[in-house]
$ cat query.cif   # mmCIF, C-alpha atoms and all ligand atoms
data_work
loop_
_atom_site.label_atom_id
_atom_site.label_comp_id
_atom_site.auth_asym_id
_atom_site.auth_seq_id
_atom_site.Cartn_x
_atom_site.Cartn_y
_atom_site.Cartn_z
CA MET A 1400 0.00 0.00 0.00
CA LEU A 1401 2.82 2.37 0.86
CA THR A 1402 4.59 1.64 -2.44
CA ARG A 1403 1.35 2.35 -4.34
CA LEU A 1404 0.93 5.69 -2.55
CA TYR A 1405 4.62 6.56 -2.89
CA LEU A 1406 5.03 5.84 -6.60
CA HIS A 1407 1.59 6.70 -7.97
CA GLY A 1408 0.40 9.54 -5.76
CA PRO A 1409 -2.78 10.17 -3.79
CA ALA A 1410 -5.35 7.38 -3.62
CA SER A 1411 -8.48 6.59 -1.64
CA ARG A 1412 -8.90 3.55 0.62
CA PHE A 1413 -11.09 2.11 -2.15
CA ASP A 1414 -8.28 2.58 -4.73
CA LEU A 1415 -5.88 0.79 -2.34
CA MET A 1416 -8.29 -2.14 -2.01
CA ARG A 1417 -8.46 -2.47 -5.79
CA ALA A 1418 -4.68 -2.08 -6.21
CA THR A 1419 -3.72 -4.62 -3.54
CA GLY A 1420 -6.63 -7.06 -3.42
CA LEU A 1421 -6.77 -6.60 0.37
CA SER A 1422 -10.08 -6.43 2.25
CA SER A 1423 -11.64 -3.16 3.28
CA ALA A 1424 -10.98 -3.90 6.97
CA THR A 1425 -7.28 -4.67 6.35
CA VAL A 1426 -6.79 -1.54 4.25
CA SER A 1427 -8.47 0.51 6.95
CA ASN A 1428 -6.27 -0.96 9.72
CA VAL A 1429 -3.04 -0.51 7.77
CA VAL A 1430 -3.95 3.09 6.86
CA THR A 1431 -4.58 3.81 10.55
CA ASP A 1432 -1.08 2.47 11.36
CA LEU A 1433 0.58 4.42 8.52
CA VAL A 1434 -1.12 7.66 9.63
CA ALA A 1435 -0.12 7.01 13.27
CA GLU A 1436 3.52 6.46 12.17
CA GLY A 1437 3.46 9.75 10.27
CA LEU A 1438 4.16 8.14 6.88
CA VAL A 1439 0.78 8.93 5.36
CA ALA A 1440 -1.72 11.77 5.78
CA GLU A 1441 -5.22 12.51 4.55
CA ALA A 1442 -5.19 14.86 1.57
CA GLY A 1443 -8.70 16.13 1.01
CA LEU A 1444 -11.80 14.62 -0.55
CA LEU A 1445 -12.41 13.18 -3.99
CA ASP A 1446 -15.95 13.53 -5.38
CA SER A 1447 -17.33 10.23 -6.58
CA ASP A 1448 -20.30 10.31 -8.95
CA GLY A 1449 -23.38 10.42 -6.80
CA GLY A 1450 -21.84 8.48 -3.91
CA ARG A 1451 -20.17 9.61 -0.72
CA PRO A 1452 -16.96 11.65 -1.37
CA ARG A 1453 -13.83 9.54 -0.76
CA THR A 1454 -10.93 10.66 1.40
CA LEU A 1455 -7.62 10.74 -0.44
CA LEU A 1456 -4.42 9.58 1.23
CA GLU A 1457 -0.88 10.62 0.36
CA VAL A 1458 2.64 10.11 1.68
CA ARG A 1459 3.85 12.81 4.07
CA PRO A 1460 7.11 14.41 2.81
CA GLY A 1461 8.06 15.51 6.34
CA TYR A 1462 8.14 11.92 7.66
CA ALA A 1463 11.91 11.66 7.25
CA GLN A 1464 14.96 12.98 5.46
CA VAL A 1465 17.44 10.99 3.39
CA ALA A 1466 20.88 11.86 2.08
CA GLY A 1467 22.15 10.90 -1.37
CA VAL A 1468 25.81 11.08 -2.39
CA ASP A 1469 27.07 11.34 -5.96
CA ILE A 1470 30.68 10.15 -6.15
CA GLY A 1471 31.43 11.58 -9.57
CA GLU A 1472 34.73 11.86 -11.37
CA THR A 1473 34.83 15.64 -11.21
CA HIS A 1474 32.97 16.29 -7.96
CA VAL A 1475 31.40 14.79 -4.85
CA GLN A 1476 27.87 16.06 -4.34
CA VAL A 1477 25.81 15.41 -1.21
CA GLY A 1478 22.09 16.11 -1.33
CA LEU A 1479 19.63 16.17 1.56
CA PHE A 1480 16.09 15.29 0.48
CA ASP A 1481 12.78 14.74 2.18
CA TRP A 1482 11.71 11.13 1.81
CA THR A 1483 9.56 11.99 -1.26
CA LEU A 1484 12.88 13.20 -2.75
CA ASP A 1485 12.34 16.95 -2.89
CA THR A 1486 15.67 18.70 -2.38
CA VAL A 1487 16.27 20.29 1.03
CA ALA A 1488 19.98 21.21 0.76
CA THR A 1489 23.04 20.33 -1.31
CA ALA A 1490 26.82 20.58 -0.95
CA THR A 1491 29.27 20.05 -3.80
CA TYR A 1492 33.04 19.62 -3.54
CA PRO A 1493 35.35 19.61 -6.55
CA MET A 1494 37.61 16.56 -6.78
CA ASP A 1495 41.12 16.13 -8.06
CA GLU A 1496 40.51 14.46 -11.39
CA GLY A 1497 42.39 11.22 -11.84
CA ARG A 1498 42.74 8.41 -9.33
CA PRO A 1499 41.15 9.44 -6.05
CA ASP A 1500 42.09 7.86 -2.71
CA PRO A 1501 39.00 6.09 -1.27
CA ALA A 1502 39.86 7.35 2.24
CA VAL A 1503 39.92 10.96 0.98
CA LEU A 1504 36.52 10.49 -0.69
CA ALA A 1505 35.08 8.97 2.50
CA GLU A 1506 36.20 12.12 4.34
CA LEU A 1507 34.47 14.34 1.72
CA VAL A 1508 31.25 12.34 2.18
CA ARG A 1509 31.45 12.91 5.94
CA ALA A 1510 31.96 16.65 5.45
CA GLY A 1511 29.10 16.82 2.96
CA ILE A 1512 26.61 15.07 5.24
CA GLU A 1513 27.65 17.37 8.08
CA GLU A 1514 27.19 20.45 5.88
CA VAL A 1515 23.72 19.61 4.49
CA THR A 1516 22.30 18.42 7.80
CA ALA A 1517 23.63 21.56 9.54
CA LYS A 1518 22.04 23.77 6.83
CA ALA A 1519 18.69 22.08 7.41
CA GLY A 1520 18.98 21.77 11.20
CA VAL A 1521 18.64 17.97 11.05
CA ASP A 1522 20.42 15.40 13.25
CA PRO A 1523 22.63 13.24 10.95
CA ALA A 1524 21.87 10.17 13.09
CA ALA A 1525 18.10 10.70 12.56
CA LEU A 1526 18.26 10.35 8.76
CA LEU A 1527 16.25 7.48 7.28
CA GLY A 1528 19.49 6.52 5.58
CA VAL A 1529 22.40 7.60 3.43
CA GLY A 1530 22.68 6.29 -0.13
CA VAL A 1531 25.98 6.48 -1.98
CA GLY A 1532 26.30 6.03 -5.75
CA VAL A 1533 29.72 5.03 -7.06
CA PRO A 1534 30.93 4.81 -10.69
CA GLY A 1535 31.72 1.12 -10.46
CA ALA A 1536 30.49 -2.27 -9.32
CA VAL A 1537 29.74 -2.85 -5.61
CA LEU A 1538 30.42 -6.40 -4.44
CA PRO A 1539 28.39 -8.08 -1.68
CA ASP A 1540 31.20 -7.40 0.85
CA GLY A 1541 31.00 -3.65 0.12
CA SER A 1542 34.23 -3.45 -1.86
CA VAL A 1543 34.18 -1.46 -5.10
CA HIS A 1544 35.59 -2.18 -8.54
CA ALA A 1545 35.86 1.14 -10.39
CA PRO A 1546 38.27 0.90 -13.32
CA THR A 1547 37.98 4.64 -14.02
CA PHE A 1548 39.28 5.37 -10.49
CA GLY A 1549 41.88 2.61 -10.63
CA TRP A 1550 40.00 0.88 -7.76
CA SER A 1551 40.09 -2.89 -7.72
CA GLY A 1552 38.22 -4.14 -4.66
CA ALA A 1553 38.67 -0.85 -2.73
CA PRO A 1554 37.12 -1.31 0.78
CA PHE A 1555 34.95 1.80 0.35
CA ASP A 1556 32.01 0.60 2.44
CA ALA A 1557 34.31 -0.14 5.40
CA LEU A 1558 35.96 3.30 5.04
CA LEU A 1559 32.61 5.12 4.92
CA ARG A 1560 30.81 3.32 7.71
CA PRO A 1561 32.60 5.02 10.67
CA HIS A 1562 31.64 8.42 9.16
CA VAL A 1563 27.93 7.73 8.71
CA ALA A 1564 25.62 7.57 11.73
CA ALA A 1565 22.49 6.54 9.77
CA PRO A 1566 21.96 3.27 7.81
CA LEU A 1567 24.37 3.25 4.85
CA HIS A 1568 23.58 1.92 1.35
CA LEU A 1569 26.14 1.69 -1.44
CA ASP A 1570 25.37 0.90 -5.08
CA ASN A 1571 26.36 1.59 -8.67
CA CYS A 1572 25.42 5.14 -9.68
CA ALA A 1573 23.89 4.21 -13.05
CA ARG A 1574 21.56 1.76 -11.32
CA THR A 1575 20.43 4.25 -8.68
CA LEU A 1576 20.01 6.95 -11.33
CA GLY A 1577 17.87 4.52 -13.32
CA GLN A 1578 15.67 3.98 -10.27
CA ALA A 1579 15.27 7.75 -9.78
CA GLU A 1580 14.36 8.35 -13.45
CA MET A 1581 11.76 5.54 -13.21
CA TRP A 1582 10.26 6.89 -9.98
CA ARG A 1583 10.26 10.62 -10.63
CA GLY A 1584 11.79 11.43 -14.00
CA ALA A 1585 11.55 10.62 -17.69
CA GLY A 1586 11.10 6.88 -17.06
CA ARG A 1587 7.72 7.09 -15.32
CA GLY A 1588 5.28 4.68 -16.91
CA ALA A 1589 7.90 2.94 -19.09
CA GLN A 1590 7.82 -0.86 -19.30
CA ARG A 1591 11.53 -1.21 -19.97
CA ALA A 1592 13.71 1.88 -19.92
CA ILE A 1593 17.41 2.17 -20.47
CA VAL A 1594 18.90 5.03 -18.50
CA ALA A 1595 22.27 6.06 -19.90
CA LEU A 1596 24.58 7.94 -17.55
CA LEU A 1597 26.87 10.21 -19.55
CA ALA A 1598 29.68 11.82 -17.56
CA SER A 1599 33.47 11.38 -17.64
CA GLY A 1600 32.65 7.69 -17.65
CA VAL A 1601 29.69 6.13 -19.41
CA GLY A 1602 27.28 3.56 -18.01
CA ALA A 1603 23.73 2.38 -18.46
CA ALA A 1604 21.04 0.76 -16.35
CA VAL A 1605 18.20 -1.35 -17.67
CA ALA A 1606 15.13 -0.60 -15.56
CA THR A 1607 11.93 -2.58 -15.71
CA GLY A 1608 8.72 -1.11 -14.34
CA SER A 1609 6.56 -3.60 -12.50
CA PRO A 1610 3.43 -3.20 -10.35
CA GLY A 1611 5.50 -3.64 -7.18
CA GLY A 1612 8.15 -1.10 -8.08
CA VAL A 1613 11.22 -1.01 -10.26
CA THR A 1614 14.00 -3.49 -10.77
CA SER A 1615 17.17 -2.60 -12.57
CA THR A 1616 20.49 -4.03 -13.53
CA THR A 1617 23.56 -2.23 -14.76
CA SER A 1618 25.73 -2.88 -17.72
CA GLU A 1619 29.24 -1.82 -18.63
CA TRP A 1620 27.82 -0.23 -21.77
CA GLY A 1621 30.71 2.25 -21.87
CA HIS A 1622 33.13 -0.61 -22.51
CA THR A 1623 31.29 -2.20 -25.41
CA VAL A 1624 33.42 -1.82 -28.51
CA VAL A 1625 32.15 0.38 -31.34
CA GLU A 1626 35.32 0.47 -33.42
CA ALA A 1627 37.81 -2.39 -33.87
CA GLY A 1628 41.33 -1.18 -33.06
CA GLY A 1629 39.88 2.25 -32.25
CA ALA A 1630 40.77 4.86 -29.61
CA ALA A 1631 42.57 3.69 -26.45
CA CYS A 1632 40.24 3.36 -23.44
CA ARG A 1633 41.01 3.76 -19.73
CA CYS A 1634 40.07 0.10 -19.20
CA GLY A 1635 43.03 -1.01 -21.33
CA SER A 1636 40.99 -2.02 -24.38
CA ARG A 1637 40.53 -0.11 -27.66
CA GLY A 1638 37.49 1.27 -29.43
CA CYS A 1639 35.19 1.31 -26.35
CA LEU A 1640 32.16 3.62 -26.53
CA GLU A 1641 33.52 5.58 -23.53
CA ALA A 1642 36.64 6.41 -25.54
CA TYR A 1643 34.35 8.42 -27.90
CA ILE A 1644 31.53 9.83 -25.77
CA GLY A 1645 33.10 10.19 -22.31
CA ALA A 1646 33.63 13.88 -21.43
CA ASP A 1647 37.43 13.64 -21.68
CA ALA A 1648 37.25 11.85 -25.05
CA ILE A 1649 34.97 14.59 -26.42
CA LEU A 1650 37.39 17.30 -25.26
CA GLU A 1651 40.40 15.43 -26.70
CA HIS A 1652 38.67 15.14 -30.08
CA TYR A 1653 37.96 18.88 -30.06
CA GLN A 1654 41.62 19.61 -29.31
CA ALA A 1655 42.79 17.29 -32.08
CA ILE A 1656 40.78 19.16 -34.73
CA ALA A 1657 40.92 22.69 -33.27
CA GLY A 1658 44.74 22.78 -33.05
CA GLU A 1659 45.90 25.90 -31.21
CA ALA A 1660 42.43 27.11 -30.18
CA GLU A 1661 41.69 26.45 -26.48
CA LEU A 1662 38.33 26.10 -24.76
CA ALA A 1663 37.82 28.53 -21.89
CA GLY A 1664 37.46 27.26 -18.34
CA ALA A 1665 39.33 25.17 -15.82
CA GLY A 1666 38.19 21.58 -15.36
CA THR A 1667 36.21 19.15 -17.46
CA GLU A 1668 32.72 20.48 -16.68
CA ALA A 1669 33.61 24.11 -17.52
CA ARG A 1670 35.28 23.11 -20.78
CA ILE A 1671 32.29 21.00 -21.88
CA ALA A 1672 30.08 24.06 -21.20
CA ALA A 1673 32.42 26.19 -23.33
CA LEU A 1674 32.32 23.59 -26.12
CA VAL A 1675 28.50 23.67 -26.16
CA ALA A 1676 28.49 27.49 -26.31
CA GLU A 1677 30.97 27.49 -29.20
CA ALA A 1678 29.03 24.78 -31.08
CA ALA A 1679 26.28 27.34 -31.83
CA GLU A 1680 28.48 28.45 -34.79
CA PRO A 1681 29.97 26.12 -37.43
CA GLY A 1682 33.55 25.10 -36.61
CA PRO A 1683 35.54 22.54 -34.62
CA ALA A 1684 33.12 22.64 -31.65
CA ALA A 1685 30.05 21.94 -33.81
CA ASP A 1686 31.99 19.21 -35.65
CA THR A 1687 32.95 17.64 -32.31
CA VAL A 1688 29.32 17.58 -31.18
CA SER A 1689 28.27 15.87 -34.46
CA TRP A 1690 31.13 13.36 -34.11
CA ALA A 1691 30.15 12.45 -30.52
CA ALA A 1692 26.45 12.29 -31.50
CA GLU A 1693 27.25 9.70 -34.17
CA TYR A 1694 29.00 7.39 -31.65
CA LEU A 1695 26.29 7.93 -29.04
CA GLY A 1696 23.68 7.04 -31.69
CA ILE A 1697 25.62 3.84 -32.49
CA GLY A 1698 25.77 2.94 -28.80
CA ILE A 1699 22.05 3.54 -28.36
CA GLY A 1700 21.22 1.65 -31.57
CA ASN A 1701 23.13 -1.37 -30.21
CA LEU A 1702 21.15 -1.22 -26.96
CA ILE A 1703 17.85 -1.05 -28.86
CA ASN A 1704 18.75 -3.94 -31.15
CA LEU A 1705 19.75 -6.05 -28.12
CA LEU A 1706 17.10 -5.15 -25.57
CA SER A 1707 14.17 -3.42 -27.38
CA PRO A 1708 13.41 -0.89 -24.63
CA ASP A 1709 10.36 1.35 -25.01
CA ARG A 1710 12.35 4.31 -23.70
CA VAL A 1711 15.99 5.43 -23.67
CA ILE A 1712 16.81 8.26 -21.28
CA LEU A 1713 20.02 10.29 -21.43
CA SER A 1714 21.03 11.40 -17.95
CA GLY A 1715 24.13 12.56 -16.09
CA TRP A 1716 25.91 15.90 -16.28
CA VAL A 1717 27.20 15.53 -19.86
CA SER A 1718 23.62 14.84 -21.03
CA ALA A 1719 22.40 17.90 -19.15
CA ALA A 1720 25.12 20.08 -20.71
CA MET A 1721 25.20 18.71 -24.27
CA GLY A 1722 21.81 17.01 -24.65
CA PRO A 1723 19.73 19.93 -25.93
CA THR A 1724 22.39 20.73 -28.59
CA MET A 1725 23.12 17.18 -29.72
CA LEU A 1726 19.75 15.42 -29.38
CA PRO A 1727 18.56 15.85 -33.03
CA ALA A 1728 21.87 14.42 -34.35
CA VAL A 1729 21.76 11.55 -31.80
CA ARG A 1730 18.18 10.67 -32.85
CA ASP A 1731 19.23 10.67 -36.50
CA ALA A 1732 22.25 8.41 -35.85
CA MET A 1733 20.19 6.15 -33.58
CA ARG A 1734 17.63 5.59 -36.40
CA ARG A 1735 20.36 4.79 -38.92
CA HIS A 1736 21.94 2.22 -36.58
CA THR A 1737 18.74 0.48 -35.46
CA LEU A 1738 16.55 -1.95 -37.35
CA ASP A 1739 13.52 -0.03 -38.64
CA TYR A 1740 10.93 -2.16 -36.92
CA MET A 1741 12.69 -1.77 -33.57
CA ALA A 1742 13.47 1.96 -33.73
CA GLY A 1743 9.78 2.82 -34.05
CA GLY A 1744 9.05 1.35 -30.62
CA THR A 1745 11.66 3.36 -28.72
CA VAL A 1746 11.42 6.96 -27.53
CA LEU A 1747 14.70 8.80 -26.84
CA GLU A 1748 14.48 11.51 -24.19
CA LEU A 1749 16.66 13.63 -21.93
CA GLY A 1750 16.52 12.93 -18.19
CA ARG A 1751 14.36 15.28 -16.13
CA LEU A 1752 16.07 15.20 -12.75
CA GLY A 1753 18.37 18.20 -13.08
CA PRO A 1754 21.88 18.71 -11.71
CA GLU A 1755 21.22 16.64 -8.56
CA ALA A 1756 20.16 13.58 -10.59
CA VAL A 1757 22.88 11.21 -9.37
CA ALA A 1758 22.66 12.31 -5.71
CA LEU A 1759 18.88 11.94 -5.93
CA GLY A 1760 19.35 8.50 -7.42
CA ALA A 1761 21.54 7.49 -4.48
CA ALA A 1762 18.86 8.81 -2.10
CA THR A 1763 16.38 6.31 -3.54
CA LEU A 1764 18.36 3.49 -1.85
CA PRO A 1765 17.19 4.08 1.75
CA VAL A 1766 13.67 4.85 0.48
CA HIS A 1767 13.59 1.60 -1.50
CA GLU A 1768 14.70 -0.24 1.64
CA LEU A 1769 11.78 1.26 3.59
CA LEU A 1770 9.26 0.41 0.83
CA THR A 1771 10.43 -3.19 0.55
CA SER A 1772 10.98 -3.97 4.25
CA GLY A 1773 8.11 -1.94 5.68
CA GLY A 1774 10.63 -0.10 7.84
CA ARG A 1775 11.55 -3.13 9.94
ZN ZN B 1 36.92 0.48 -22.11
#

$ encode --input "query.cif" --output "structure tokens"
Amino acid sequence: MLTRLYLHGPASRFDLMRATGLSSATVSNVVTDLVAEGLVAEAGLLDSDGGRPRTLLEVRPGYAQVAGVDIGETHVQVGLFDWTLDTVATATYPMDEGRPDPAVLAELVRAGIEEVTAKAGVDPAALLGVGVGVPGAVLPDGSVHAPTFGWSGAPFDALLRPHVAAPLHLDNCARTLGQAEMWRGAGRGAQRAIVALLASGVGAAVATGSPGGVTSTTSEWGHTVVEAGGAACRCGSRGCLEAYIGADAILEHYQAIAGEAELAGAGTEARIAALVAEAAEPGPAADTVSWAAEYLGIGIGNLINLLSPDRVILSGWVSAAMGPTMLPAVRDAMRRHTLDYMAGGTVLELGRLGPEAVALGAATLPVHELLTSGGR
């Protein structure tokens, strides 16, 4: 019942009976408990044709706060959200680009949680939980494989735990982002959505909507090969998709064709913003955008031919920065690299979660835990 109210908005007791198959008495008892716990509140009356108006129920945003942490490759961002995932406060710290020390990152996470909870006047130990999204695979023992960081089994969970007073959840950032896009963003209502995370690294999550919620799995899409013997990739292979559409690869391509001309700005994010601004006029920047769009279209076409999703969502900071400029060219390339009968069934869209998308995705972890365990 709580999942139904959380994911699909206000409903009457009668709607909950129909959605769950539970009896009227059971629904009534559970609603009484949820209201007493502060999870759910009454939200006005719904007129029903001729009959008695029905009372609507909705989840109460003030029930709890959650923190979500985006361990990016250019920054660490900590977001504080209410448990319906509206932003309360954020803190962002730039990172030394390259191979970060897990202990240094754990310290940044601690500082970030302290900063956002202080801004909001919330006790860090009273949070419903802290979710952390990392650009790599999280093993059952909490160690992390993140080739882009040079981490092979880094004990990140063990390093974080002493710094986090609330329940801690660690997962791959593409997977958590996929969950957030399905819950609140461009994936709502999709049967099978692929959420592509475009940043310095490139990943994708396959999310499947089901009546009980969302399940998703990640893939190392960024390391699927799109060109035999192509550009060198950070993973040690050649011709990987990430070596064409990762932020650094895009900037390197620009430099290779622009020669002496330099993009303004310090750091990867500022230089991508400068590239997008310059791409408004014909020249090396516009050519670079078209070049990257072609490879992105190939990557998306491969996903569609393999998995036939009904939606593909481009998310992550590179999508937010470059998406509006490159989307028409990506759509065109995607159609050319997909079988006709499959392309027609897939909608390509930009994510709708804004600059806190990955932190918000991480914040879905403690909420998901509450929805699946009933808070026990
Ligand atoms: Zn690779």

$ closest_atom_pairs --input "query.cif" --of "chain A" --to "ligand ZN 1 (chain B)" --cutoff "6 Å" --atoms "all atoms listed in the file" --output "CSV"
residue,atom,partner,partner_atom,distance
A:His1622,CA,B:ZN1,ZN,4.0
A:Cys1632,CA,B:ZN1,ZN,4.6
A:Arg1633,CA,B:ZN1,ZN,5.8
A:Cys1634,CA,B:ZN1,ZN,4.3
A:Ser1636,CA,B:ZN1,ZN,5.3
A:Cys1639,CA,B:ZN1,ZN,4.7

$ closest_residue --input "query.cif" --among "A:Pro1566, A:Val1717, A:Cys1572, A:Leu1702" --to "Val1533 of chain A" --atoms "all atoms listed in the file"
A:Cys1572

$ closest_residue --input "query.cif" --among "A:Leu1713, A:Ala1435, A:Val1594, A:Ala1505" --to "Leu1576 of chain A" --atoms "only C-alpha atoms"
A:Val1594

$ residues_around --input "query.cif" --residues "Pro1723 of chain A" --least-positions-apart "4" --cutoff "12 Å" --atoms "all atoms listed in the file" --output "list in words"
Val1675, Ala1676, Ala1678, Ala1679, Val1688, Ala1692, Leu1713, Ser1714, Val1717, Ser1718, Ala1719, Pro1727, Ala1728, Val1729, Arg1730, Glu1748, Leu1749 and Gly1750 of chain A

$ closest_residue --input "query.cif" --among "A:Ser1542, A:Gln1654, A:Thr1489, A:Asn1704" --to "Gln1476 of chain A" --atoms "all atoms listed in the file"
A:Thr1489

$ axis_aligned_box --input "query.cif" --around "segment 1520-1527 of chain A" --padding-each-side "6 Å" --output "lines of an AutoDock Vina configuration file"
center_x = 19.4
center_y = 14.6
center_z = 10.3
size_x = 18.4
size_y = 26.3
size_z = 18.0

$ residues_around --input "query.cif" --residues "Ala1440 of chain A" --least-positions-apart "3" --cutoff "12 Å" --atoms "only C-alpha atoms" --output "PyMOL selection string"
chain A and resi 1401+1404-1405+1408-1411+1430-1437+1443+1454-1462

$ atom_distance --input "query.cif" --atom1 "atom CA of Gly1700 of chain A" --atom2 "atom CA of Ala1579 of chain A"
23.4 Å

$ atom_distance --input "query.cif" --atom1 "atom CA of Ile1703 of chain A" --atom2 "atom CA of Arg1637 of chain A"
22.7 Å

$ atom_distance --input "query.cif" --atom1 "atom CA of Ala1691 of chain A" --atom2 "atom CA of Ile1644 of chain A"
5.6 Å

$ decode --input "query.cif" --residues "segment 1516-1567 of chain A" --atoms "C-alpha atoms" --output "compact mmCIF listing (two decimals), in the first residue's frame"
# COMPACT_ATOMS: atom_id res chain seq x y z
CA THR A 1516 22.30 18.42 7.80
CA ALA A 1517 23.63 21.56 9.54
CA LYS A 1518 22.04 23.77 6.83
CA ALA A 1519 18.69 22.08 7.41
CA GLY A 1520 18.98 21.77 11.20
CA VAL A 1521 18.64 17.97 11.05
CA ASP A 1522 20.42 15.40 13.25
CA PRO A 1523 22.63 13.24 10.95
CA ALA A 1524 21.87 10.17 13.09
CA ALA A 1525 18.10 10.70 12.56
CA LEU A 1526 18.26 10.35 8.76
CA LEU A 1527 16.25 7.48 7.28
CA GLY A 1528 19.49 6.52 5.58
CA VAL A 1529 22.40 7.60 3.43
CA GLY A 1530 22.68 6.29 -0.13
CA VAL A 1531 25.98 6.48 -1.98
CA GLY A 1532 26.30 6.03 -5.75
CA VAL A 1533 29.72 5.03 -7.06
CA PRO A 1534 30.93 4.81 -10.69
CA GLY A 1535 31.72 1.12 -10.46
CA ALA A 1536 30.49 -2.27 -9.32
CA VAL A 1537 29.74 -2.85 -5.61
CA LEU A 1538 30.42 -6.40 -4.44
CA PRO A 1539 28.39 -8.08 -1.68
CA ASP A 1540 31.20 -7.40 0.85
CA GLY A 1541 31.00 -3.65 0.12
CA SER A 1542 34.23 -3.45 -1.86
CA VAL A 1543 34.18 -1.46 -5.10
CA HIS A 1544 35.59 -2.18 -8.54
CA ALA A 1545 35.86 1.14 -10.39
CA PRO A 1546 38.27 0.90 -13.32
CA THR A 1547 37.98 4.64 -14.02
CA PHE A 1548 39.28 5.37 -10.49
CA GLY A 1549 41.88 2.61 -10.63
CA TRP A 1550 40.00 0.88 -7.76
CA SER A 1551 40.09 -2.89 -7.72
CA GLY A 1552 38.22 -4.14 -4.66
CA ALA A 1553 38.67 -0.85 -2.73
CA PRO A 1554 37.12 -1.31 0.78
CA PHE A 1555 34.95 1.80 0.35
CA ASP A 1556 32.01 0.60 2.44
CA ALA A 1557 34.31 -0.14 5.40
CA LEU A 1558 35.96 3.30 5.04
CA LEU A 1559 32.61 5.12 4.92
CA ARG A 1560 30.81 3.32 7.71
CA PRO A 1561 32.60 5.02 10.67
CA HIS A 1562 31.64 8.42 9.16
CA VAL A 1563 27.93 7.73 8.71
CA ALA A 1564 25.62 7.57 11.73
CA ALA A 1565 22.49 6.54 9.77
CA PRO A 1566 21.96 3.27 7.81
CA LEU A 1567 24.37 3.25 4.85
